[in-house]
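Student: Have a peek at upload.cif (mmCIF, C-alpha atoms and all ligand atoms).
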```
data_work
loop_
_atom_site.label_atom_id
_atom_site.label_comp_id
_atom_site.auth_asym_id
_atom_site.auth_seq_id
_atom_site.Cartn_x
_atom_site.Cartn_y
_atom_site.Cartn_z
CA MET A 1 0.00 0.00 0.00
CA ASN A 2 1.33 3.38 -0.99
CA PHE A 3 -0.33 6.43 0.52
CA LYS A 4 1.77 8.95 -1.38
CA LEU A 5 0.83 10.59 -4.66
CA SER A 6 3.32 10.02 -7.46
CA ASP A 7 5.65 12.99 -8.12
CA GLU A 8 3.77 13.71 -11.37
CA HIS A 9 0.36 13.78 -9.67
CA GLN A 10 1.67 15.83 -6.76
CA MET A 11 3.12 18.38 -9.20
CA LEU A 12 -0.25 18.61 -10.94
CA LYS A 13 -2.01 19.10 -7.58
CA ASP A 14 0.48 21.86 -6.70
CA LEU A 15 -0.08 23.52 -10.07
CA MET A 16 -3.82 23.41 -9.51
CA ALA A 17 -3.35 24.90 -6.02
CA ARG A 18 -1.38 27.76 -7.59
CA PHE A 19 -4.06 28.36 -10.22
CA VAL A 20 -6.70 28.51 -7.49
CA ARG A 21 -4.60 30.79 -5.27
CA GLU A 22 -3.55 33.18 -8.03
CA GLN A 23 -6.56 33.15 -10.36
CA LEU A 24 -9.74 31.99 -8.61
CA ILE A 25 -9.50 33.24 -5.01
CA PRO A 26 -8.75 36.86 -6.07
CA LEU A 27 -12.03 36.86 -8.03
CA GLU A 28 -14.13 35.83 -5.02
CA PRO A 29 -14.84 39.32 -3.60
CA ALA A 30 -16.18 40.50 -6.99
CA VAL A 31 -18.35 37.38 -7.46
CA LEU A 32 -19.72 37.68 -3.90
CA LYS A 33 -20.34 41.40 -4.20
CA ARG A 34 -22.26 41.00 -7.44
CA GLU A 35 -24.36 38.22 -5.93
CA ALA A 36 -25.07 40.22 -2.76
CA GLY A 37 -26.25 43.02 -5.04
CA GLY A 38 -28.82 40.73 -6.66
CA ALA A 39 -26.87 39.47 -9.68
CA GLU A 40 -26.39 35.79 -10.49
CA PHE A 41 -23.60 33.88 -8.75
CA MET A 42 -21.43 33.63 -11.84
CA LEU A 43 -18.40 34.92 -13.68
CA THR A 44 -18.61 37.70 -16.24
CA ALA A 45 -17.85 36.70 -19.83
CA ASP A 46 -14.49 38.48 -19.57
CA GLU A 47 -13.53 36.72 -16.34
CA LYS A 48 -14.47 33.34 -17.83
CA LYS A 49 -12.49 34.05 -21.00
CA ARG A 50 -9.42 35.04 -19.01
CA LEU A 51 -9.62 31.94 -16.79
CA ASP A 52 -10.12 29.67 -19.81
CA ALA A 53 -7.05 31.14 -21.49
CA LYS A 54 -4.92 30.78 -18.35
CA SER A 55 -6.03 27.24 -17.47
CA LYS A 56 -5.51 26.12 -21.06
CA GLU A 57 -2.05 27.68 -21.13
CA LEU A 58 -1.19 25.77 -17.94
CA GLY A 59 -2.29 22.49 -19.56
CA LEU A 60 -5.28 22.03 -17.23
CA TRP A 61 -7.83 21.11 -19.91
CA GLY A 62 -8.68 17.54 -20.80
CA LEU A 63 -6.80 16.13 -17.81
CA ASP A 64 -8.71 12.83 -17.83
CA ALA A 65 -9.60 12.91 -21.54
CA PRO A 66 -8.07 10.35 -23.93
CA GLU A 67 -4.72 11.22 -25.46
CA GLU A 68 -6.15 10.68 -28.96
CA PHE A 69 -8.23 13.82 -28.39
CA GLY A 70 -5.35 15.83 -26.96
CA GLY A 71 -6.08 14.90 -23.34
CA SER A 72 -3.68 13.72 -20.62
CA ASP A 73 -5.60 10.49 -19.85
CA LEU A 74 -4.92 10.85 -16.12
CA PRO A 75 -6.28 8.29 -13.65
CA VAL A 76 -9.04 9.02 -11.14
CA VAL A 77 -6.44 9.18 -8.34
CA ALA A 78 -4.80 12.19 -10.02
CA MET A 79 -8.19 13.85 -10.52
CA VAL A 80 -8.95 13.64 -6.77
CA GLY A 81 -6.07 16.04 -6.05
CA VAL A 82 -7.12 18.35 -8.89
CA ASN A 83 -10.74 18.50 -7.71
CA GLU A 84 -9.75 18.99 -4.08
CA GLU A 85 -7.73 22.06 -4.99
CA LEU A 86 -10.36 23.42 -7.40
CA ALA A 87 -13.07 23.24 -4.73
CA ARG A 88 -11.11 25.41 -2.32
CA SER A 89 -12.44 28.43 -4.17
CA ILE A 90 -16.09 29.38 -4.48
CA THR A 91 -15.40 31.14 -7.79
CA PRO A 92 -17.68 29.18 -10.12
CA TYR A 93 -15.18 27.81 -12.59
CA GLU A 94 -14.90 24.29 -14.04
CA LEU A 95 -12.09 22.79 -16.06
CA PRO A 96 -13.35 21.31 -19.32
CA PRO A 97 -14.51 18.69 -20.00
CA ASP A 98 -16.78 17.62 -17.15
CA SER A 99 -15.60 14.12 -16.23
CA PRO A 100 -18.83 12.08 -15.76
CA ASN A 101 -20.23 12.39 -19.31
CA LEU A 102 -16.69 12.06 -20.66
CA HIS A 103 -16.28 8.66 -18.98
CA MET A 104 -19.77 7.47 -19.90
CA MET A 105 -19.15 8.41 -23.55
CA GLN A 106 -15.77 6.67 -23.56
CA LYS A 107 -17.44 3.45 -22.44
CA THR A 108 -20.44 3.61 -24.76
CA ALA A 109 -19.94 5.80 -27.84
CA ASN A 110 -19.44 4.12 -31.23
CA ALA A 111 -16.90 5.36 -33.78
CA GLU A 112 -19.30 7.85 -35.33
CA GLN A 113 -20.39 9.25 -31.94
CA ARG A 114 -16.77 9.48 -30.80
CA ALA A 115 -15.93 11.65 -33.79
CA LYS A 116 -19.07 13.77 -33.68
CA TYR A 117 -19.58 14.24 -29.92
CA LEU A 118 -16.74 12.84 -27.81
CA ALA A 119 -13.79 14.39 -29.65
CA PRO A 120 -14.98 18.04 -29.49
CA TYR A 121 -16.24 17.47 -25.94
CA ALA A 122 -12.90 16.06 -24.80
CA ARG A 123 -11.16 19.09 -26.31
CA GLY A 124 -13.41 21.39 -24.27
CA GLU A 125 -15.20 22.76 -27.33
CA THR A 126 -18.71 21.68 -26.31
CA ILE A 127 -20.78 21.35 -23.15
CA SER A 128 -23.17 18.49 -22.44
CA ALA A 129 -25.95 17.71 -19.99
CA ILE A 130 -27.53 14.51 -18.68
CA ALA A 131 -31.26 14.07 -18.19
CA VAL A 132 -32.10 11.23 -15.80
CA SER A 133 -34.41 12.65 -13.11
CA GLU A 134 -38.13 13.05 -13.62
CA PRO A 135 -40.87 14.68 -11.56
CA GLY A 136 -41.88 11.20 -10.35
CA ALA A 137 -38.44 9.54 -10.23
CA GLY A 138 -35.25 11.14 -8.93
CA GLY A 139 -33.59 9.25 -6.09
CA ASP A 140 -35.04 6.09 -7.65
CA PRO A 141 -34.24 6.57 -11.37
CA ALA A 142 -35.40 3.03 -12.16
CA GLY A 143 -38.92 4.46 -11.84
CA MET A 144 -38.49 6.76 -14.85
CA THR A 145 -41.30 6.78 -17.42
CA THR A 146 -39.91 8.85 -20.32
CA SER A 147 -40.23 6.45 -23.24
CA ALA A 148 -38.29 5.89 -26.44
CA LYS A 149 -40.08 3.95 -29.17
CA ARG A 150 -38.75 2.78 -32.51
CA VAL A 151 -40.54 4.30 -35.49
CA GLY A 152 -39.01 3.14 -38.74
CA GLY A 153 -35.29 3.66 -38.35
CA ASP A 154 -35.77 6.48 -35.81
CA TRP A 155 -36.57 6.78 -32.10
CA VAL A 156 -39.42 8.89 -30.72
CA LEU A 157 -39.08 10.28 -27.20
CA ASN A 158 -42.00 11.24 -24.98
CA GLY A 159 -41.85 12.35 -21.36
CA ARG A 160 -40.59 14.92 -18.92
CA LYS A 161 -37.25 15.43 -17.16
CA ILE A 162 -36.43 17.77 -14.29
CA TRP A 163 -33.49 19.25 -12.37
CA VAL A 164 -31.22 18.96 -15.40
CA SER A 165 -28.09 21.11 -15.05
CA LYS A 166 -26.28 23.02 -17.80
CA MET A 167 -29.18 23.08 -20.25
CA ASP A 168 -28.64 26.80 -20.86
CA ARG A 169 -25.15 26.09 -22.20
CA ALA A 170 -25.18 22.54 -23.56
CA GLN A 171 -24.97 21.58 -27.24
CA TRP A 172 -26.18 18.03 -26.58
CA ALA A 173 -27.64 15.97 -23.77
CA ILE A 174 -27.58 12.31 -22.79
CA VAL A 175 -31.24 11.43 -22.21
CA MET A 176 -32.21 8.25 -20.37
CA ALA A 177 -35.48 6.64 -21.48
CA VAL A 178 -37.45 3.42 -21.15
CA THR A 179 -37.22 1.18 -24.22
CA ASP A 180 -38.80 -1.89 -22.60
CA LYS A 181 -41.18 -1.19 -19.74
CA ALA A 182 -41.42 -4.83 -18.67
CA LYS A 183 -37.66 -5.11 -18.15
CA GLY A 184 -37.26 -1.71 -16.41
CA ALA A 185 -33.74 -1.01 -15.08
CA ARG A 186 -32.71 -4.62 -15.89
CA GLY A 187 -32.47 -4.33 -19.65
CA GLY A 188 -35.24 -1.84 -20.39
CA ILE A 189 -33.57 1.58 -20.03
CA SER A 190 -31.44 3.06 -22.81
CA ALA A 191 -29.30 6.17 -23.28
CA PHE A 192 -29.65 8.55 -26.24
CA ILE A 193 -27.70 11.56 -27.43
CA VAL A 194 -30.05 14.43 -28.22
CA ASP A 195 -28.81 17.51 -30.07
CA ILE A 196 -29.91 20.87 -28.72
CA PRO A 197 -32.14 22.07 -30.27
CA THR A 198 -34.20 19.19 -31.70
CA PRO A 199 -37.86 19.59 -32.68
CA GLY A 200 -40.19 18.15 -30.03
CA PHE A 201 -37.64 18.77 -27.28
CA LYS A 202 -38.42 21.85 -25.22
CA ILE A 203 -36.85 23.51 -22.18
CA GLU A 204 -40.03 24.22 -20.27
CA ARG A 205 -38.68 26.16 -17.34
CA ARG A 206 -35.54 27.35 -15.63
CA ILE A 207 -35.40 26.60 -11.89
CA PRO A 208 -33.05 28.82 -9.84
CA MET A 209 -31.28 26.74 -7.18
CA ILE A 210 -29.89 27.80 -3.79
CA GLY A 211 -26.35 29.11 -3.97
CA GLY A 212 -26.66 30.23 -7.57
CA GLY A 213 -26.96 28.29 -10.79
CA SER A 214 -30.10 26.79 -12.26
CA THR A 215 -31.53 23.48 -13.29
CA PHE A 216 -34.12 22.96 -16.01
CA GLU A 217 -37.35 21.10 -16.64
CA LEU A 218 -37.54 19.49 -20.08
CA VAL A 219 -40.41 18.16 -22.13
CA PHE A 220 -40.20 15.61 -24.95
CA GLU A 221 -43.25 15.54 -27.18
CA ASN A 222 -42.96 13.15 -30.09
CA CYS A 223 -39.32 14.15 -30.29
CA ARG A 224 -37.90 12.24 -33.24
CA ILE A 225 -34.19 11.42 -33.16
CA PRO A 226 -32.24 9.24 -35.59
CA GLY A 227 -31.48 5.57 -34.91
CA SER A 228 -27.82 6.59 -34.61
CA ALA A 229 -28.66 8.59 -31.43
CA LEU A 230 -28.76 5.39 -29.34
CA LEU A 231 -25.74 5.46 -27.00
CA GLY A 232 -24.40 2.01 -26.19
CA GLU A 233 -26.57 -1.09 -26.38
CA GLU A 234 -30.35 -0.85 -26.43
CA GLY A 235 -31.72 -1.65 -22.97
CA ASN A 236 -28.30 -1.43 -21.40
CA GLY A 237 -28.17 2.23 -20.43
CA PHE A 238 -28.55 1.86 -16.67
CA GLY A 239 -25.11 0.31 -15.99
CA PRO A 240 -23.07 2.99 -17.81
CA MET A 241 -25.25 5.66 -16.18
CA GLN A 242 -24.43 4.23 -12.74
CA GLY A 243 -20.73 4.25 -13.70
CA ARG A 244 -21.11 7.89 -14.65
CA LEU A 245 -22.63 8.61 -11.24
CA SER A 246 -19.64 6.93 -9.54
CA THR A 247 -17.27 9.27 -11.35
CA ARG A 248 -19.24 12.26 -10.04
CA ARG A 249 -19.52 10.86 -6.53
CA ILE A 250 -15.74 10.47 -6.19
CA GLN A 251 -15.43 14.00 -7.55
CA ILE A 252 -17.93 15.17 -4.91
CA GLY A 253 -15.74 13.50 -2.26
CA ALA A 254 -12.73 15.48 -3.52
CA TRP A 255 -14.74 18.71 -3.71
CA CYS A 256 -15.90 18.25 -0.11
CA ILE A 257 -12.31 17.75 1.07
CA GLY A 258 -11.33 21.01 -0.62
CA ILE A 259 -14.31 22.92 0.78
CA ALA A 260 -13.84 21.57 4.32
CA GLN A 261 -10.09 22.20 4.23
CA ARG A 262 -10.68 25.82 3.22
CA ALA A 263 -13.19 26.24 6.06
CA LEU A 264 -10.77 24.67 8.55
CA ASP A 265 -7.92 26.90 7.32
CA MET A 266 -10.19 29.91 7.84
CA ILE A 267 -10.95 28.79 11.42
CA CYS A 268 -7.25 28.25 12.17
CA GLU A 269 -6.36 31.70 10.86
CA TYR A 270 -9.18 33.56 12.58
CA ALA A 271 -9.51 31.82 15.96
CA PRO A 272 -6.12 33.00 17.36
CA GLN A 273 -6.90 36.60 16.34
CA ARG A 274 -10.30 36.91 17.93
CA SER A 275 -10.45 37.31 21.70
CA THR A 276 -13.60 37.04 23.80
CA PHE A 277 -13.80 37.09 27.60
CA GLY A 278 -10.07 37.79 27.80
CA ALA A 279 -8.75 34.90 25.72
CA PRO A 280 -8.38 34.05 22.03
CA LEU A 281 -11.01 31.70 20.60
CA SER A 282 -8.21 29.28 19.73
CA GLU A 283 -7.66 28.67 23.46
CA ARG A 284 -11.25 27.53 24.04
CA GLN A 285 -11.76 23.81 24.18
CA ALA A 286 -15.01 24.06 22.19
CA ILE A 287 -13.15 25.57 19.24
CA GLN A 288 -10.13 23.27 19.63
CA TRP A 289 -12.38 20.21 19.43
CA TRP A 290 -13.99 21.52 16.26
CA VAL A 291 -10.52 22.01 14.80
CA ALA A 292 -9.37 18.54 15.88
CA ASP A 293 -12.52 16.80 14.70
CA ALA A 294 -12.53 18.65 11.38
CA ALA A 295 -8.88 17.76 10.72
CA THR A 296 -9.56 14.11 11.66
CA LYS A 297 -12.62 13.83 9.42
CA ILE A 298 -10.94 15.56 6.49
CA HIS A 299 -8.04 13.12 6.82
CA ALA A 300 -10.44 10.16 6.90
CA CYS A 301 -12.34 11.49 3.90
CA ARG A 302 -9.13 11.97 1.92
CA LEU A 303 -8.09 8.37 2.56
CA MET A 304 -11.55 7.05 1.64
CA THR A 305 -11.65 9.06 -1.55
CA TYR A 306 -8.17 8.10 -2.72
CA GLU A 307 -8.86 4.46 -1.87
CA ALA A 308 -12.04 4.39 -3.95
CA ALA A 309 -10.27 6.22 -6.78
CA ALA A 310 -7.49 3.60 -6.74
CA ARG A 311 -10.10 0.83 -6.87
CA VAL A 312 -11.79 2.41 -9.88
CA ASP A 313 -8.41 2.88 -11.59
CA ALA A 314 -7.70 -0.81 -11.00
CA GLY A 315 -11.06 -1.71 -12.60
CA GLU A 316 -12.44 -3.01 -9.29
CA GLU A 317 -16.00 -2.76 -7.99
CA ALA A 318 -16.39 0.23 -5.63
CA ARG A 319 -20.13 0.85 -5.43
CA SER A 320 -20.43 0.68 -1.63
CA GLN A 321 -17.22 2.65 -1.09
CA VAL A 322 -18.42 5.36 -3.43
CA SER A 323 -21.76 5.57 -1.60
CA MET A 324 -19.88 5.79 1.71
CA ILE A 325 -17.88 8.71 0.32
CA LYS A 326 -21.02 10.47 -0.91
CA VAL A 327 -22.57 10.23 2.58
CA PHE A 328 -19.48 10.91 4.66
CA ALA A 329 -17.91 13.66 2.55
CA THR A 330 -21.04 15.76 2.16
CA GLU A 331 -22.02 15.48 5.85
CA MET A 332 -18.44 16.14 6.96
CA ALA A 333 -18.05 19.26 4.80
CA TRP A 334 -21.48 20.54 5.84
CA GLU A 335 -20.49 20.22 9.52
CA VAL A 336 -17.07 21.85 9.12
CA VAL A 337 -18.42 24.79 7.10
CA ASP A 338 -21.20 25.25 9.67
CA GLN A 339 -18.62 25.32 12.49
CA ALA A 340 -16.52 27.86 10.57
CA MET A 341 -19.64 30.04 10.20
CA GLN A 342 -20.16 29.74 13.97
CA VAL A 343 -16.53 30.67 14.79
CA PHE A 344 -16.81 33.82 12.66
CA GLY A 345 -19.92 34.93 14.56
CA GLY A 346 -21.82 37.77 12.87
CA MET A 347 -19.22 37.88 10.11
CA GLY A 348 -19.99 34.22 9.37
CA MET A 349 -23.57 35.20 8.54
CA THR A 350 -22.59 37.73 5.88
CA LYS A 351 -22.35 37.48 2.15
CA GLU A 352 -18.86 38.98 2.35
CA LEU A 353 -17.19 35.72 3.37
CA PRO A 354 -17.22 32.71 1.03
CA LEU A 355 -18.65 30.47 3.78
CA GLN A 356 -22.33 30.83 2.82
CA ALA A 357 -21.49 29.94 -0.79
CA MET A 358 -19.56 26.91 0.44
CA ALA A 359 -22.50 25.86 2.63
CA ASN A 360 -24.97 26.15 -0.24
CA ARG A 361 -22.73 24.16 -2.53
CA VAL A 362 -22.35 21.34 0.00
CA ARG A 363 -26.05 21.40 0.83
CA LYS A 364 -26.97 20.70 -2.78
CA ALA A 365 -24.42 17.90 -2.93
CA ARG A 366 -26.39 16.04 -0.26
CA ILE A 367 -29.22 15.73 -2.80
CA TYR A 368 -27.84 15.42 -6.32
CA GLU A 369 -26.21 12.20 -7.52
CA GLY A 370 -28.47 10.44 -5.04
CA PRO A 371 -29.71 11.72 -1.66
CA THR A 372 -27.77 10.69 1.45
CA GLU A 373 -30.54 8.38 2.66
CA VAL A 374 -30.55 6.44 -0.60
CA HIS A 375 -26.79 5.91 -0.35
CA ARG A 376 -27.17 4.69 3.24
CA MET A 377 -29.77 2.25 1.93
CA VAL A 378 -27.37 1.04 -0.78
CA ILE A 379 -24.53 0.54 1.73
CA ALA A 380 -26.74 -1.34 4.19
CA ARG A 381 -28.41 -3.46 1.50
CA GLU A 382 -25.06 -4.52 0.07
CA LEU A 383 -23.67 -5.38 3.51
CA LEU A 384 -26.74 -7.32 4.63
CA ARG A 385 -26.86 -9.18 1.31
CA SER A 386 -23.18 -10.17 1.58
CA LYS A 387 -23.72 -11.37 5.17
CA ARG A 388 -26.67 -13.50 4.01
CA ARG A 389 -24.48 -14.97 1.25
CA GLY A 390 -21.95 -15.74 3.98
C1 LIG B 401 -28.25 21.14 -7.91
C2 LIG B 401 -28.85 19.92 -8.53
C3 LIG B 401 -28.43 19.52 -9.79
C4 LIG B 401 -29.00 18.40 -10.40
N1 LIG B 401 -28.61 18.06 -11.67
C5 LIG B 401 -29.20 17.01 -12.30
C6 LIG B 401 -28.88 16.68 -13.67
O1 LIG B 401 -28.03 17.35 -14.29
N2 LIG B 401 -29.53 15.66 -14.25
C7 LIG B 401 -30.47 14.93 -13.60
O2 LIG B 401 -31.02 14.01 -14.18
N3 LIG B 401 -30.80 15.20 -12.30
C8 LIG B 401 -30.19 16.22 -11.65
N4 LIG B 401 -30.53 16.53 -10.33
C9 LIG B 401 -31.56 15.73 -9.68
C10 LIG B 401 -31.07 14.89 -8.53
O3 LIG B 401 -30.27 13.84 -8.96
C11 LIG B 401 -32.31 14.45 -7.75
O4 LIG B 401 -32.90 15.60 -7.19
C12 LIG B 401 -31.98 13.46 -6.67
O5 LIG B 401 -31.60 12.24 -7.21
C13 LIG B 401 -33.17 13.28 -5.73
O6 LIG B 401 -34.32 12.99 -6.46
P1 LIG B 401 -35.69 13.69 -6.06
O7 LIG B 401 -35.47 15.16 -6.09
O8 LIG B 401 -36.77 13.13 -6.90
O9 LIG B 401 -35.93 13.27 -4.55
P2 LIG B 401 -36.70 11.96 -4.04
O10 LIG B 401 -36.21 10.76 -4.73
O11 LIG B 401 -38.16 12.25 -4.04
O12 LIG B 401 -36.23 11.95 -2.53
C14 LIG B 401 -36.59 12.99 -1.62
C15 LIG B 401 -36.05 12.66 -0.26
O13 LIG B 401 -36.67 11.48 0.21
C16 LIG B 401 -35.79 10.73 1.00
N5 LIG B 401 -35.66 9.38 0.43
C17 LIG B 401 -35.76 9.01 -0.86
N6 LIG B 401 -35.58 7.68 -1.01
C18 LIG B 401 -35.34 7.20 0.24
C19 LIG B 401 -35.03 5.91 0.76
N7 LIG B 401 -34.96 4.84 -0.03
N8 LIG B 401 -34.85 5.78 2.10
C20 LIG B 401 -34.93 6.89 2.92
N9 LIG B 401 -35.20 8.11 2.47
C21 LIG B 401 -35.38 8.28 1.15
C22 LIG B 401 -34.45 11.47 0.99
O14 LIG B 401 -34.33 12.25 2.14
C23 LIG B 401 -34.57 12.36 -0.24
O15 LIG B 401 -33.78 13.54 -0.14
C24 LIG B 401 -29.98 17.64 -9.72
C25 LIG B 401 -30.37 18.04 -8.43
C26 LIG B 401 -29.82 19.15 -7.83
C27 LIG B 401 -30.26 19.55 -6.45
#
```
Would you encode the structure as structure tokens?
Ligand SMILES: Cc1cc2nc3c(=O)[nH]c(=O)nc-3n(C[C@H](O)[C@H](O)[C@H](O)COP(=O)(O)OP(=O)(O)OC[C@H]3O[C@@H](n4cnc5c(N)ncnc54)[C@H](O)[C@@H]3O)c2cc1C

Tutor:
Amino acid sequence: MNFKLSDEHQMLKDLMARFVREQLIPLEPAVLKREAGGAEFMLTADEKKRLDAKSKELGLWGLDAPEEFGGSDLPVVAMVGVNEELARSITPYELPPDSPNLHMMQKTANAEQRAKYLAPYARGETISAIAVSEPGAGGDPAGMTTSAKRVGGDWVLNGRKIWVSKMDRAQWAIVMAVTDKAKGARGGISAFIVDIPTPGFKIERRIPMIGGGSTFELVFENCRIPGSALLGEEGNGFGPMQGRLSTRRIQIGAWCIGIAQRALDMICEYAPQRSTFGAPLSERQAIQWWVADAATKIHACRLMTYEAAARVDAGEEARSQVSMIKVFATEMAWEVVDQAMQVFGGMGMTKELPLQAMANRVRKARIYEGPTEVHRMVIARELLRSKRRG
């Protein structure tokens, strides 16, 4: 067992830390000020352009994309360090391409889809979305009802999706739909690539979410897409979709480490400076225990996340471990950020510090990619089943 990052991965993590320190953190006051004044929690077009140019120049695009598309093909273990550093800043900036759809496409796209969708996506030239959740099926996606029926050589989609991110920017979306109702999640759900726009496919409403950003409700009404839009095997969309969710859940683990570490660093910097009742906060046992517990839990979370990443890199099964990370990381970061808000007192309740943005981000992460309670169910079910098997 080796608990040390390779020199190459450590150098990348350090580079990412520098990018965050020099480029993202200095933008935070402007982003927060605009948001406090009623604007959206987002970068201006100029800020985004400048960050894109800088991150591209530093070689930070396509880190886990295949080399054939100009990527660095880095393992999940390397991406944990990258995502940890990136999440230390609340400046809303992502490095292209977003990993989950990238990995799902790598596993499922045929030659034509690789050339048309995957290659430009891997190079950071396009943005994609994924539409799984429905008004009646979110935490339990097997209950989805959006249907895809063969008509001649085409497919016709009918149904409704909700909470879909990135629809305001995406050029295409992976849409999950039922192709055989009787089989359900076991052979009856397929994935399709839908171009945006496509007739019959409508963005019905934009839903502003806490902490900035929006999701979207989508309607498919006799939306006709070509036979070539099927992604992977017919009926076999659920497995690759679950794999995609695992990629995001490990990423969420890394993000939570970065967020919690930033909050802990803020506590450690502030607590010695602030005196109440004749002594600095850092000398109070209540605060010291928060510091100790936060450091302990961040350490545990880091080990869990790297361990699961190493399993995935080795091609091993990691479903339970990934669910454990999703539960532990999001609850841990929520607690540490909350304690940081408490240590800062009135200042912790303002929109001047990044803490409220961190809290909102973590709060959402306890819902998307599966609510905490569903992951606890998955962990328990797996454990009880394995005990029964002996
Ligand atoms: C910011 C954000 C972005 C999102 N982006 C996307 C996206 O891009 N694409 C997409 O398809 N979806 C997206 N989602 C949807 C997200 O995946 C779902 O909201 C999530 O899976 C929960 O589904 P639901 O809202 O239907 O809640 P439900 O499934 O109705 O669950 C509601 C609550 O019930 C409880 N619960 C549910 N099941 C159980 C159980 N078995 N045991 C105990 N308690 C349980 C939990 O407390 C849960 O929070 C996004 C959501 C958010 C918040």

Student: Listing only residues of chain A within 10 Å of ligand LIG 401 (chain B), what is the closest atom pair and its distance in Å (to one decimal) for each, using all atoms listed in the file, sorted by chain and residue number ascending, as a Markdown table?

Tutor:
```
| residue | atom | partner | partner_atom | distance |
| --- | --- | --- | --- | --- |
| A:Ser128 | CA | B:LIG401 | O1 | 9.6 |
| A:Ala129 | CA | B:LIG401 | O1 | 6.1 |
| A:Ile130 | CA | B:LIG401 | N2 | 5.0 |
| A:Ala131 | CA | B:LIG401 | O2 | 4.0 |
| A:Val132 | CA | B:LIG401 | O2 | 3.4 |
| A:Ser133 | CA | B:LIG401 | O2 | 3.8 |
| A:Glu134 | CA | B:LIG401 | O8 | 6.9 |
| A:Pro135 | CA | B:LIG401 | O8 | 6.4 |
| A:Gly136 | CA | B:LIG401 | O8 | 6.5 |
| A:Ala137 | CA | B:LIG401 | O8 | 5.2 |
| A:Gly138 | CA | B:LIG401 | O6 | 3.2 |
| A:Gly139 | CA | B:LIG401 | O10 | 3.3 |
| A:Asp140 | CA | B:LIG401 | O10 | 5.6 |
| A:Pro141 | CA | B:LIG401 | O5 | 7.5 |
| A:Gly143 | CA | B:LIG401 | O10 | 9.9 |
| A:Lys161 | CA | B:LIG401 | O2 | 7.1 |
| A:Ile162 | CA | B:LIG401 | N3 | 6.5 |
| A:Trp163 | CA | B:LIG401 | N4 | 4.5 |
| A:Val164 | CA | B:LIG401 | C6 | 3.7 |
| A:Ser165 | CA | B:LIG401 | O1 | 3.8 |
| A:Lys166 | CA | B:LIG401 | O1 | 6.9 |
| A:Met167 | CA | B:LIG401 | O1 | 8.3 |
| A:Ala173 | CA | B:LIG401 | O1 | 9.6 |
| A:Ile174 | CA | B:LIG401 | N2 | 9.4 |
| A:Val175 | CA | B:LIG401 | O2 | 8.4 |
| A:Met176 | CA | B:LIG401 | O2 | 8.5 |
| A:Ile207 | CA | B:LIG401 | C1 | 9.8 |
| A:Pro208 | CA | B:LIG401 | C1 | 9.3 |
| A:Met209 | CA | B:LIG401 | C1 | 6.4 |
| A:Ile210 | CA | B:LIG401 | C1 | 8.0 |
| A:Gly211 | CA | B:LIG401 | C1 | 9.1 |
| A:Gly212 | CA | B:LIG401 | C1 | 9.2 |
| A:Gly213 | CA | B:LIG401 | C1 | 7.8 |
| A:Ser214 | CA | B:LIG401 | C1 | 7.4 |
| A:Thr215 | CA | B:LIG401 | C3 | 6.1 |
| A:Phe216 | CA | B:LIG401 | O1 | 8.5 |
| A:Glu217 | CA | B:LIG401 | C7 | 9.7 |
| A:Leu245 | CA | B:LIG401 | O3 | 9.5 |
| A:Asn360 | CA | B:LIG401 | C1 | 9.7 |
| A:Arg361 | CA | B:LIG401 | C1 | 8.3 |
| A:Val362 | CA | B:LIG401 | C1 | 9.9 |
| A:Arg363 | CA | B:LIG401 | C27 | 8.6 |
| A:Lys364 | CA | B:LIG401 | C27 | 5.1 |
| A:Ala365 | CA | B:LIG401 | C27 | 7.0 |
| A:Arg366 | CA | B:LIG401 | O15 | 7.8 |
| A:Ile367 | CA | B:LIG401 | C12 | 5.3 |
| A:Tyr368 | CA | B:LIG401 | O3 | 3.9 |
| A:Glu369 | CA | B:LIG401 | O3 | 4.6 |
| A:Gly370 | CA | B:LIG401 | O5 | 4.2 |
| A:Pro371 | CA | B:LIG401 | O15 | 4.7 |
| A:Thr372 | CA | B:LIG401 | C22 | 6.7 |
| A:Glu373 | CA | B:LIG401 | C20 | 4.6 |
| A:Val374 | CA | B:LIG401 | C19 | 4.7 |
| A:His375 | CA | B:LIG401 | N7 | 8.2 |
| A:Arg376 | CA | B:LIG401 | N8 | 7.8 |
| A:Met377 | CA | B:LIG401 | N7 | 6.1 |
| A:Val378 | CA | B:LIG401 | N7 | 8.5 |
```

Student: CA of Asn83 in chain A and CA of Val343 in chain A are how many Å apart?

Tutor: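 Distance between the two atoms: 26.2 Å.
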
Student: Restricting the calculation to only C-alpha atoms: of A:Ala177, A:Ser228, A:Glu35, A:Leu27, which residue gets closest to Lys48 in chain A?

Tutor: A:Leu27

Student: Which neighbours of Asp14 in chain A fall inside 10 Å, counting all atoms listed in the file, when residues of the same chain fewer than 6 positions from it are skipped, and could you give them as a PDB file with C-alpha atoms, keeping the file's coordinate frame?

Tutor:
```pdb
ATOM      1  CA  GLU A   8       3.770  13.710 -11.370  1.00  0.00           C
ATOM      2  CA  VAL A  20      -6.700  28.510  -7.490  1.00  0.00           C
ATOM      3  CA  GLY A  81      -6.070  16.040  -6.050  1.00  0.00           C
ATOM      4  CA  VAL A  82      -7.120  18.350  -8.890  1.00  0.00           C
ATOM      5  CA  GLU A  85      -7.730  22.060  -4.990  1.00  0.00           C
TER       6      GLU A  85
END
```

Student: Using all atoms listed in the file, which residues sit within 9 Å of Glu283 in chain A once same-chain residues fewer than 4 positions away are excluded, as a PyMOL selection string?

Tutor: chain A and resi 271-272+279+287-288
